[in-house]
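Q: My questions all concern the structure below.
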There are 2 protein chains.
Amino acid sequence: MSTIMPNEPQNPLWRSPVTAADRLLLEIQRTIVEGEIESGSKISEPELARQFNVSRAPLREALARLERCHLIERTPNAGARVVKLSREGLCALYQIREELEGLACRLAAENMDDAEIQQVQELLNQHLDTQRVREGESYYQEAGDLDFHYRIILGSKNPYLINMLCDELYFLVRMYRVQLGMNGPRVSRAFDEHKAIINAIANRDGELADLLMRRHIAASRGNIELKLQQLGK
Amino acid sequence: MSTIMPNEPQNPLWRSPVTAADRLLLEIQRTIVEGEIESGSKISEPELARQFNVSRAPLREALARLERCHLIERTPNAGARVVKLSREGLCALYQIREELEGLACRLAAENMDDAEIQQVQELLNQHLDTQRVREGESYYQEAGDLDFHYRIILGSKNPYLINMLCDELYFLVRMYRVQLGMNGPRVSRAFDEHKAIINAIANRDGELADLLMRRHIAASRGNIELKLQQLGK
DNA sequence: ATCCGAATTATTGTCGACAATTTACAAAAG
DNA sequence: CTTTTGTAAATTGTCGACAATAATTCGGAT
């Protein structure tokens with residue numbers, strides 16, 4: 001099955017949850033991304049601490065990391081609020097994504113070895129099978145898409161790039177996608193675009209992979225932008 | 001005089017130090033960047049807490065933010081170590097810088113209004129004067145260069161981009177520059193490159209500004225890379 | 001003498017309580 | 001009735017102590 005998250009313990013946000021703060025982070029991340037806490041709502045430290053049966057110390061550690069991945073916004077002596085999704089925010093976020101994932105493609109074309117590339121290609125074939133089985137089911141597509149992007153990013157072998165994209169930006173990306181979804185025709189097109197990107201990387205054509213990835217992300221942004229507009233901004 | 005740091009309280013890392021954790025962050029940041037704590041050395045929480053006359057709570061908050069800007073590396077149940085400067089780290093860092101500051105230039109060419117652009121041009125003239133006065137003095141160049149880059153980044157008006165560059169990456173950039181310096185001929189060239197970049201932005205030629213900024217950063221990297229090699233890797 | 005293991009020590013993670021600041025509310029003045 | 005101001009409640013920031021985990025040291029066996 002798809003891995004969704006890379007296994008390497010190289011980044012402090014995705015290490016196996018050994019400490020209470022780690023577990024809290026994962027839990028609250030999921031809660032916010034899935035929209036179980038309303039966007040823009042205030043976060044009460046005492047309440048959350050009671051809710052999760054922990055002290056405020058590990059909770060504050062978790063909140064610090066949540067701020068790091070842009071899921072909450074804190075103001076001194078005033079507390080934290082869940083981030084609000086907006087058109088401007090989406091565009092600003094995807095501008096960065098285009099740039100950084102484009103770079104990731106160029107680097108991946110240089111630095112991924114043949115075995116890694118082949119693994120991604122096999123992964124895509126698996127995804128295509130599961131997609132055939134469950135037509136239009138958005139969750140698997142969601143997971144599969146993220147999985148693909150993660151592999152390319154990791155393939156860049158640039159630790160800062162990996163950290164910025166996987167640890168800091170992608171939770172917000174997931175939040176947009178989970179709450180605003182990805183609908184019908186876009187799903188199957190995304191697969192073809194993935195195929196084209198990894199093929200360009202396999203041909204060591206970083207420039208092409210860069211271009212294709214930028215278009216892929218721009219298309220994805222347009223899709224979400226549409227949904228945002230439909231739901232009344 | 002040069003501002004060095006943007007005044008807006010928009011980012012949580014540079015807000016006016018109202019809390020003990022804020023003061024700690026600024027102090028320890030300076031200490032690490034200036035090299036007063038040796039690269040790679042372990043950070044003892046009890047010792048630092050005693051040294052700054054604070055409890056470990058605000059100190060840990062500060063450490064969390066130090067990790068965020070890549071100045072320390074923490075491992076669970078093992079503590080934090082000051083980051084080590086290396087050729088690979090420098091290249092990985094500047095790869096990101098090239099990409100993101102290139103993007104910042106394109107966005108700045110779109111989003112900076114004429115008044116802001118003129119301010120930057122006046123700033124450069126001021127820097128040129130002070131440079132004439134104090135030939136080869138690297139500190140002012142350092143501050144002036146950073147000031148210039150900050151203005152362009154803020155001019156992009158993209159909050160995520162501003163946050164990533166100003167809050168997360170630039171302290172490490174400063175660390176490389178402070179500890180490895182910027183020497184003679186490069187200093188005056190940097191001024192000309194700055195001039196060319198802001199002129200391209202004034203002409204609303206984002207593509208050119210992007211290209212020039214990438215070259216500017218690549219040249220700066222080459223300069224530091226050389227110093228690193230001289231000092232025995 | 002060297003290597004391995006257990007006990008000791010030190011450090012990190014977590015807890016509950018207190019202090020400082022902000023927010024909410026209510027009463028009084030305009 | 002609106003605005004202002006002072007008080008009270010709640011929340012955040014900080015502290016010192018305890019628990020859990022990792023590093024160190026010392027002793028013993030090979």
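Ordering of the structure tokens sets the chain letters (A, B, ...), residue numbers begin anew at 1 in every chain, and ligands are numbered from 1 in the order given.
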Counting only C-alpha atoms (C1' of nucleotides), what is within 12 Å of range 17-25 of chain D, bar same-chain residues fewer than 4 positions away, as a list in words?

A: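 The neighbour list is Val18, Thr19 and Ala20 of chain A; Thr75, Pro76, Asn77, Ala78 and Gly79 of chain B; DG5, DA6, DA7, DT8, DT9, DA10, DT11, DT12, DG13, DT14, DC15, DG16 and DA17 of chain C.
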
Q: Generate a file of the selected residues that holds C-alpha atoms (C1' of nucleotides), formatted as a compact mmCIF listing (two decimals), in the first residue's frame.

A:
# COMPACT_ATOMS: atom_id res chain seq x y z
CA VAL A 18 8.23 8.83 21.29
CA THR A 19 7.21 11.78 23.39
CA ALA A 20 3.85 13.14 24.44
CA THR B 75 17.20 14.87 18.89
CA PRO B 76 14.56 13.48 21.25
CA ASN B 77 15.80 12.80 24.76
CA ALA B 78 19.30 13.73 23.72
CA GLY B 79 19.38 17.49 23.51
C1' DG C 5 27.40 -4.86 31.90
C1' DA C 6 25.14 -2.73 35.88
C1' DA C 7 24.65 1.16 38.80
C1' DT C 8 25.14 6.05 39.07
C1' DT C 9 24.78 10.50 37.29
C1' DA C 10 23.14 13.98 34.39
C1' DT C 11 19.86 15.63 31.05
C1' DT C 12 15.49 15.88 28.93
C1' DG C 13 10.36 15.51 29.24
C1' DT C 14 6.35 16.44 32.01
C1' DC C 15 3.65 18.18 35.74
C1' DG C 16 1.07 21.40 38.80
C1' DA C 17 1.09 26.03 40.67

Q: Using DSSP on the backbone coordinates, identify the residues of range 16-74 of chain B assigned to alpha helix (DSSP H); present them as a PyMOL selection string.

A: chain B and resi 20-33+45-52+56-68

Q: Emit the selected residues as a short mmCIF file (atom, residue, chain, number, x, y, z; two decimals), in the first residue's frame, including N, CA, C and O atoms.

A:
data_model
loop_
_atom_site.label_atom_id
_atom_site.label_comp_id
_atom_site.auth_asym_id
_atom_site.auth_seq_id
_atom_site.Cartn_x
_atom_site.Cartn_y
_atom_site.Cartn_z
N ALA B 20 10.03 36.77 27.81
CA ALA B 20 11.38 36.31 28.12
C ALA B 20 11.91 35.42 27.02
O ALA B 20 13.10 35.49 26.66
N ALA B 21 11.03 34.60 26.45
CA ALA B 21 11.45 33.71 25.37
C ALA B 21 11.93 34.52 24.17
O ALA B 21 12.90 34.14 23.50
N ASP B 22 11.28 35.65 23.90
CA ASP B 22 11.69 36.51 22.79
C ASP B 22 13.10 37.04 23.01
O ASP B 22 13.95 36.97 22.12
N ARG B 23 13.33 37.58 24.21
CA ARG B 23 14.67 38.10 24.50
C ARG B 23 15.72 37.01 24.39
O ARG B 23 16.78 37.19 23.79
N LEU B 24 15.40 35.86 24.96
CA LEU B 24 16.31 34.72 24.89
C LEU B 24 16.64 34.37 23.45
O LEU B 24 17.81 34.20 23.09
N LEU B 25 15.61 34.30 22.62
CA LEU B 25 15.82 33.94 21.22
C LEU B 25 16.80 34.89 20.57
O LEU B 25 17.79 34.46 19.96
N LEU B 26 16.57 36.19 20.71
CA LEU B 26 17.45 37.17 20.09
C LEU B 26 18.88 37.02 20.61
O LEU B 26 19.84 37.04 19.83
N GLU B 27 19.02 36.86 21.92
CA GLU B 27 20.35 36.75 22.52
C GLU B 27 21.09 35.52 21.99
O GLU B 27 22.22 35.61 21.53
N ILE B 28 20.42 34.37 22.07
CA ILE B 28 21.08 33.13 21.68
C ILE B 28 21.34 33.11 20.18
O ILE B 28 22.38 32.63 19.72
N GLN B 29 20.40 33.65 19.41
CA GLN B 29 20.61 33.78 17.97
C GLN B 29 21.92 34.51 17.71
O GLN B 29 22.78 34.03 16.96
N ARG B 30 22.06 35.68 18.34
CA ARG B 30 23.27 36.46 18.12
C ARG B 30 24.49 35.65 18.53
O ARG B 30 25.48 35.57 17.80
N THR B 31 24.39 35.02 19.68
CA THR B 31 25.51 34.24 20.19
C THR B 31 25.95 33.16 19.19
O THR B 31 27.14 32.96 18.96
N ILE B 32 24.98 32.47 18.62
CA ILE B 32 25.32 31.39 17.69
C ILE B 32 25.85 31.95 16.38
O ILE B 32 26.86 31.51 15.85
N VAL B 33 25.14 32.97 15.85
CA VAL B 33 25.53 33.52 14.56
C VAL B 33 26.94 34.09 14.62
O VAL B 33 27.74 33.90 13.70
N GLU B 45 20.63 22.70 28.56
CA GLU B 45 19.50 23.51 29.00
C GLU B 45 19.71 24.08 30.40
O GLU B 45 19.50 25.29 30.62
N PRO B 46 20.08 23.28 31.38
CA PRO B 46 20.26 23.84 32.74
C PRO B 46 21.32 24.94 32.76
O PRO B 46 21.13 25.97 33.40
N GLU B 47 22.41 24.73 32.03
CA GLU B 47 23.49 25.72 32.03
C GLU B 47 23.03 27.03 31.42
O GLU B 47 23.22 28.10 32.00
N LEU B 48 22.42 26.96 30.24
CA LEU B 48 21.95 28.17 29.59
C LEU B 48 20.91 28.88 30.45
O LEU B 48 20.91 30.11 30.56
N ALA B 49 20.01 28.10 31.05
CA ALA B 49 18.98 28.70 31.89
C ALA B 49 19.61 29.48 33.04
O ALA B 49 19.21 30.59 33.36
N ARG B 50 20.63 28.89 33.66
CA ARG B 50 21.32 29.55 34.76
C ARG B 50 22.05 30.80 34.25
O ARG B 50 22.01 31.87 34.84
N GLN B 51 22.68 30.64 33.08
CA GLN B 51 23.45 31.73 32.50
C GLN B 51 22.58 32.95 32.21
O GLN B 51 23.02 34.09 32.40
N PHE B 52 21.36 32.73 31.79
CA PHE B 52 20.49 33.84 31.44
C PHE B 52 19.49 34.16 32.55
O PHE B 52 18.62 35.01 32.38
N ARG B 56 13.63 26.98 32.65
CA ARG B 56 13.83 26.22 31.42
C ARG B 56 12.64 26.36 30.47
O ARG B 56 12.77 26.09 29.29
N ALA B 57 11.49 26.78 30.98
CA ALA B 57 10.31 26.89 30.12
C ALA B 57 10.51 27.87 28.97
O ALA B 57 10.36 27.50 27.80
N PRO B 58 10.83 29.14 29.26
CA PRO B 58 11.06 30.06 28.14
C PRO B 58 12.27 29.66 27.31
O PRO B 58 12.31 29.92 26.10
N LEU B 59 13.25 29.05 27.97
CA LEU B 59 14.43 28.62 27.21
C LEU B 59 14.06 27.58 26.17
O LEU B 59 14.50 27.63 25.02
N ARG B 60 13.22 26.64 26.56
CA ARG B 60 12.82 25.60 25.60
C ARG B 60 12.00 26.19 24.47
O ARG B 60 12.10 25.75 23.32
N GLU B 61 11.19 27.19 24.79
CA GLU B 61 10.46 27.89 23.73
C GLU B 61 11.45 28.52 22.75
O GLU B 61 11.28 28.41 21.53
N ALA B 62 12.48 29.15 23.29
CA ALA B 62 13.49 29.76 22.42
C ALA B 62 14.21 28.70 21.60
O ALA B 62 14.46 28.89 20.41
N LEU B 63 14.52 27.57 22.22
CA LEU B 63 15.21 26.50 21.50
C LEU B 63 14.35 25.97 20.35
O LEU B 63 14.86 25.67 19.27
N ALA B 64 13.04 25.87 20.60
CA ALA B 64 12.15 25.41 19.53
C ALA B 64 12.25 26.33 18.33
O ALA B 64 12.28 25.89 17.18
N ARG B 65 12.33 27.65 18.61
CA ARG B 65 12.40 28.58 17.48
C ARG B 65 13.78 28.57 16.86
O ARG B 65 13.93 28.83 15.66
N LEU B 66 14.80 28.30 17.66
CA LEU B 66 16.15 28.19 17.09
C LEU B 66 16.23 27.00 16.14
O LEU B 66 16.89 27.07 15.10
N GLU B 67 15.56 25.93 16.50
CA GLU B 67 15.52 24.79 15.60
C GLU B 67 14.81 25.17 14.31
O GLU B 67 15.20 24.76 13.22
N ARG B 68 13.77 25.98 14.46
CA ARG B 68 12.99 26.40 13.30
C ARG B 68 13.84 27.15 12.29
O ARG B 68 13.63 27.05 11.09
#

Q: Excluding range 150-167 of chain A and its own-chain neighbours fewer than 6 positions away, which residues fall within 10 Å of it when counting only C-alpha atoms (C1' of nucleotides)? Please give them as JSON, numbers by chain.

A: {"A": [3, 4, 5, 6, 8, 10, 11, 12, 13, 14, 65, 68, 69, 96, 97, 100, 101, 102, 103, 104, 105, 106, 107, 108, 109, 110, 111, 112, 113, 116, 117, 119, 120, 123, 144, 173, 197, 198, 201], "B": [70, 88, 89, 91, 92, 93, 94, 95, 96, 164, 168, 169]}

Q: Please indicate the distance in Å from C1' of DT5 in chain D to C1' of DC25 in chain C, rounded to one decimal place.

A: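 These atoms are spaced 11.7 Å apart.
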
Q: For each of B:Ile224, B:Leu172, B:Ala190, B:Ala196, take the minimum atom-to-atom distance to chain A, counting only C-alpha atoms, then give the residue where this is smallest.

A: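 Smallest separation from chain A among the options: B:Leu172.
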
Q: At what distance in Å, to one decimal, does C1' of DA24 in chain C lie from CA of Ala80 in chain A?

A: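 Computing the Euclidean distance for CA of Ala80 in chain A and C1' of DA24 in chain C yields 18.2 Å.
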
Q: List every residue of range 27-139 of chain A that DSSP, applied to the backbone of this structure, assigns to strand (DSSP E), and report them as JSON, numbers by chain.

A: {"A": [42, 43, 72, 73, 74, 75, 79, 80, 81, 82]}

Q: Nearest residue to DA9 in chain D out of C:DC18, C:DA28, C:DC3, C:DT23, using only C-alpha atoms (C1' of nucleotides)?

A: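 Distance minimum relative to DA9 in chain D lands on C:DT23.
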
Q: I'd like the neighbourhood of DA29 in chain C as a ChimeraX atom specification, where a residue qualifies if any of its atoms comes within 12 Å (using only C-alpha atoms (C1' of nucleotides)), though same-chain residues fewer than 5 positions away should be ignored.

A: /D:2-5
